[in-house]
file work15.csv (CSV, C-alpha atoms)
chain,number,residue,atom,x,y,z
A,1,MET,CA,142.5,230.6,86.2
A,2,ASN,CA,142.6,230.7,82.5
A,3,SER,CA,143.3,227.2,81.1
A,4,ALA,CA,145.0,226.1,77.9
A,5,LEU,CA,144.9,222.7,76.5
A,6,ILE,CA,148.3,221.1,75.7
A,7,SER,CA,148.2,218.0,73.6
A,8,ILE,CA,151.2,215.7,73.5
A,9,LYS,CA,152.0,212.4,72.0
A,10,THR,CA,153.4,209.7,74.2
A,11,ASP,CA,153.6,205.9,74.3
A,12,LEU,CA,150.3,204.5,75.5
A,13,LYS,CA,152.0,202.2,78.0
A,14,ILE,CA,153.9,205.1,79.5
A,15,LYS,CA,150.7,207.1,79.8
A,16,LYS,CA,148.8,204.2,81.5
A,17,LYS,CA,151.8,203.6,83.9
A,18,ALA,CA,152.1,207.3,84.7
A,19,GLN,CA,148.3,207.6,85.4
A,20,LYS,CA,148.5,204.5,87.7
A,21,ILE,CA,151.5,205.9,89.6
A,22,ALA,CA,149.9,209.3,89.9
A,23,LYS,CA,146.7,207.8,91.2
A,24,ASN,CA,148.6,205.7,93.7
A,25,LEU,CA,150.2,208.8,95.0
A,26,GLY,CA,146.9,210.6,95.2
A,27,PHE,CA,147.3,212.9,92.2
A,28,SER,CA,145.9,213.2,88.7
A,29,LEU,CA,148.4,213.0,85.9
A,30,SER,CA,147.3,216.5,84.8
A,31,SER,CA,148.1,218.0,88.2
A,32,LEU,CA,151.6,216.5,88.1
A,33,LEU,CA,152.3,217.7,84.6
A,34,ASN,CA,151.0,221.2,85.6
A,35,ALA,CA,153.3,221.2,88.7
A,36,TYR,CA,156.2,220.2,86.4
A,37,LEU,CA,155.4,223.0,84.0
A,38,ARG,CA,155.2,225.5,86.8
A,39,HIS,CA,158.6,224.4,88.1
A,40,PHE,CA,160.1,224.5,84.6
A,41,VAL,CA,158.9,228.1,84.1
A,42,GLU,CA,160.0,229.3,87.5
A,43,THR,CA,163.4,227.7,87.5
A,44,GLU,CA,164.1,227.5,83.8
A,45,THR,CA,165.7,224.1,84.5
A,46,VAL,CA,165.0,220.6,83.4
A,47,PHE,CA,165.5,217.6,85.8
A,48,PHE,CA,166.4,214.2,84.5
A,49,SER,CA,166.9,211.2,86.8
A,50,SER,CA,168.9,208.1,85.9
A,51,GLN,CA,167.3,206.2,88.8
A,52,TYR,CA,165.9,203.5,86.5
A,53,GLU,CA,168.3,203.8,83.6
A,54,GLU,CA,170.4,200.9,82.4
A,55,PRO,CA,173.9,201.8,81.2
A,56,THR,CA,174.4,201.1,77.5
A,57,LYS,CA,176.8,198.5,76.3
A,58,TYR,CA,179.1,201.3,75.1
A,59,LEU,CA,179.2,202.9,78.5
A,60,LEU,CA,179.9,199.5,80.2
A,61,ASP,CA,182.7,198.9,77.7
A,62,MET,CA,184.2,202.3,78.4
A,63,LEU,CA,184.0,201.8,82.1
A,64,LYS,CA,185.9,198.4,81.8
A,65,GLU,CA,188.5,200.1,79.6
A,66,SER,CA,188.9,202.9,82.2
A,67,GLU,CA,189.3,200.4,85.0
A,68,LYS,CA,191.9,198.5,83.1
A,69,GLU,CA,193.8,201.7,82.4
A,70,ILE,CA,193.7,202.7,86.0
A,71,ALA,CA,194.9,199.3,87.1
A,72,GLN,CA,197.9,199.7,84.7
A,73,GLY,CA,198.6,203.2,85.9
A,74,ASP,CA,197.7,204.6,82.5
A,75,TYR,CA,196.0,207.8,83.7
A,76,HIS,CA,196.7,211.4,84.7
A,77,LYS,CA,195.9,213.3,87.9
A,78,PHE,CA,195.7,217.1,88.0
A,79,SER,CA,195.8,219.5,90.9
A,80,SER,CA,193.8,222.1,89.1
A,81,VAL,CA,191.4,222.7,86.3
A,82,GLU,CA,194.0,224.9,84.6
A,83,GLU,CA,196.6,222.1,84.7
A,84,SER,CA,194.1,219.7,83.1
A,85,LEU,CA,193.3,222.2,80.4
A,86,ARG,CA,197.0,222.8,79.6
A,87,PHE,CA,197.5,219.0,79.4
A,88,LEU,CA,194.6,218.7,76.9
A,89,ASP,CA,195.8,221.7,74.9
A,90,GLU,CA,199.2,220.0,74.6
A,91,LYS,CA,197.6,216.8,73.4
A,92,VAL,CA,195.6,218.6,70.8
A,93,ILE,CA,198.7,220.5,69.5
A,94,ARG,CA,200.7,217.2,69.3
A,95,ALA,CA,197.8,215.5,67.5
A,96,ASN,CA,197.6,218.3,65.0
A,97,ASN,CA,201.3,218.3,64.3
A,98,LYS,CA,201.3,214.6,63.3

call {"tool": "encode", "arguments": {"input": "work15.csv", "output": "structure tokens"}}
result
Amino acid sequence: MNSALISIKTDLKIKKKAQKIAKNLGFSLSSLLNAYLRHFVETETVFFSSQYEEPTKYLLDMLKESEKEIAQGDYHKFSSVEESLRFLDEKVIRANNK
């Protein structure tokens, strides 16, 4: 196999944690990164996980606002994508005519 060196910059703490986790799983960090690159090339997709992500304050505020609107009955239900798009088109037209 021809090898090429890829050099990336990353936070030192992230690198150390990644190396430790890889080692605990029985892998080298290099082998995991190579597997990820192979998958990326084969599928042309990128996978992100929010497993450990904390929602932002903005997101939490928007969720609270949505819950309040739902409790007040201030929402719309649609039976099809087309119906929802017509609704949005009408909202845009009304907003532009103001």

call {"tool": "atom_distance", "arguments": {"input": "work15.csv", "atom1": "CA of Asn96 in chain A", "atom2": "CA of Tyr75 in chain A"}}
result
21.5 Å

call {"tool": "atom_distance", "arguments": {"input": "work15.csv", "atom1": "CA of Tyr58 in chain A", "atom2": "CA of Ile70 in chain A"}}
result
18.3 Å

call {"tool": "atom_distance", "arguments": {"input": "work15.csv", "atom1": "CA of Ser7 in chain A", "atom2": "CA of Phe27 in chain A"}}
result
19.3 Å

call {"tool": "closest_residue", "arguments": {"input": "work15.csv", "among": "A:Leu88, A:Ile93, A:Leu5, A:Leu29", "to": "Lys17 in chain A", "atoms": "all atoms listed in the file"}}
result
A:Leu29

call {"tool": "residues_around", "arguments": {"input": "work15.csv", "residues": "Ile6 in chain A", "least_positions_apart": "2", "cutoff": "12 Å", "atoms": "only C-alpha atoms", "output": "ChimeraX atom specification"}}
result
/A:3-4,8-9,30,33-34,37

call {"tool": "decode", "arguments": {"input": "work15.csv", "residues": "chain A", "atoms": "C-alpha atoms", "output": "tab-separated table (two decimals), in the first residue's frame"}}
result
chain	number	residue	atom	x	y	z
A	1	MET	CA	0.00	0.00	0.00
A	2	ASN	CA	1.28	3.43	-0.90
A	3	SER	CA	1.05	5.69	2.13
A	4	ALA	CA	0.61	9.42	2.30
A	5	LEU	CA	1.07	11.55	5.38
A	6	ILE	CA	-1.83	13.79	6.38
A	7	SER	CA	-1.09	16.42	8.96
A	8	ILE	CA	-3.97	18.05	10.82
A	9	LYS	CA	-4.20	20.53	13.65
A	10	THR	CA	-6.41	19.66	16.57
A	11	ASP	CA	-6.73	20.52	20.21
A	12	LEU	CA	-4.11	18.62	22.23
A	13	LYS	CA	-6.71	17.51	24.80
A	14	ILE	CA	-8.91	16.09	22.03
A	15	LYS	CA	-5.96	14.21	20.53
A	16	LYS	CA	-4.97	12.70	23.89
A	17	LYS	CA	-8.56	11.68	24.69
A	18	ALA	CA	-9.01	10.19	21.21
A	19	GLN	CA	-5.78	8.21	21.53
A	20	LYS	CA	-6.84	6.89	24.94
A	21	ILE	CA	-10.28	5.84	23.72
A	22	ALA	CA	-8.83	4.22	20.59
A	23	LYS	CA	-6.32	2.31	22.70
A	24	ASN	CA	-9.07	1.16	25.11
A	25	LEU	CA	-10.98	-0.16	22.09
A	26	GLY	CA	-7.89	-1.94	20.77
A	27	PHE	CA	-7.15	0.42	17.88
A	28	SER	CA	-4.58	3.00	17.00
A	29	LEU	CA	-5.87	6.49	16.31
A	30	SER	CA	-4.31	6.25	12.87
A	31	SER	CA	-6.28	3.08	12.01
A	32	LEU	CA	-9.54	4.71	13.11
A	33	LEU	CA	-8.86	7.83	11.05
A	34	ASN	CA	-7.98	5.68	8.04
A	35	ALA	CA	-11.22	3.73	8.44
A	36	TYR	CA	-13.15	6.99	8.63
A	37	LEU	CA	-11.42	8.29	5.47
A	38	ARG	CA	-12.18	5.05	3.61
A	39	HIS	CA	-15.84	5.26	4.62
A	40	PHE	CA	-15.95	8.92	3.60
A	41	VAL	CA	-14.52	8.14	0.16
A	42	GLU	CA	-16.75	5.10	-0.42
A	43	THR	CA	-20.02	6.69	0.70
A	44	GLU	CA	-19.34	10.40	0.08
A	45	THR	CA	-21.17	11.05	3.33
A	46	VAL	CA	-20.25	12.67	6.62
A	47	PHE	CA	-21.63	11.38	9.90
A	48	PHE	CA	-22.13	13.62	12.90
A	49	SER	CA	-23.46	12.45	16.22
A	50	SER	CA	-25.09	14.65	18.80
A	51	GLN	CA	-24.75	11.95	21.42
A	52	TYR	CA	-22.69	14.18	23.72
A	53	GLU	CA	-23.82	17.59	22.53
A	54	GLU	CA	-25.47	20.02	24.89
A	55	PRO	CA	-28.26	22.13	23.41
A	56	THR	CA	-27.46	25.83	23.19
A	57	LYS	CA	-29.35	28.41	25.23
A	58	TYR	CA	-30.95	29.63	21.99
A	59	LEU	CA	-32.23	26.14	21.16
A	60	LEU	CA	-33.59	25.66	24.69
A	61	ASP	CA	-35.34	29.05	24.50
A	62	MET	CA	-36.87	28.17	21.12
A	63	LEU	CA	-38.08	24.81	22.44
A	64	LYS	CA	-39.74	26.54	25.41
A	65	GLU	CA	-41.39	29.03	23.06
A	66	SER	CA	-42.62	26.17	20.85
A	67	GLU	CA	-44.03	24.31	23.84
A	68	LYS	CA	-45.88	27.45	24.93
A	69	GLU	CA	-47.30	27.96	21.42
A	70	ILE	CA	-48.46	24.33	21.26
A	71	ALA	CA	-50.11	24.63	24.69
A	72	GLN	CA	-51.96	27.75	23.46
A	73	GLY	CA	-53.02	26.03	20.24
A	74	ASP	CA	-50.90	28.45	18.20
A	75	TYR	CA	-49.60	26.01	15.58
A	76	HIS	CA	-50.55	24.53	12.23
A	77	LYS	CA	-50.91	20.91	11.12
A	78	PHE	CA	-50.56	19.85	7.51
A	79	SER	CA	-51.68	16.69	5.77
A	80	SER	CA	-49.05	16.94	3.04
A	81	VAL	CA	-45.80	18.63	2.14
A	82	GLU	CA	-47.60	20.51	-0.63
A	83	GLU	CA	-50.11	21.93	1.86
A	84	SER	CA	-47.31	23.14	4.13
A	85	LEU	CA	-45.49	24.76	1.20
A	86	ARG	CA	-48.66	26.57	0.08
A	87	PHE	CA	-49.08	27.85	3.65
A	88	LEU	CA	-45.49	29.15	3.70
A	89	ASP	CA	-45.84	30.72	0.23
A	90	GLU	CA	-48.95	32.58	1.40
A	91	LYS	CA	-47.14	33.80	4.54
A	92	VAL	CA	-44.28	35.13	2.41
A	93	ILE	CA	-46.65	36.86	-0.01
A	94	ARG	CA	-48.53	38.50	2.88
A	95	ALA	CA	-45.27	39.60	4.51
A	96	ASN	CA	-44.02	41.12	1.26
A	97	ASN	CA	-47.29	43.03	0.73
A	98	LYS	CA	-47.06	44.79	4.09
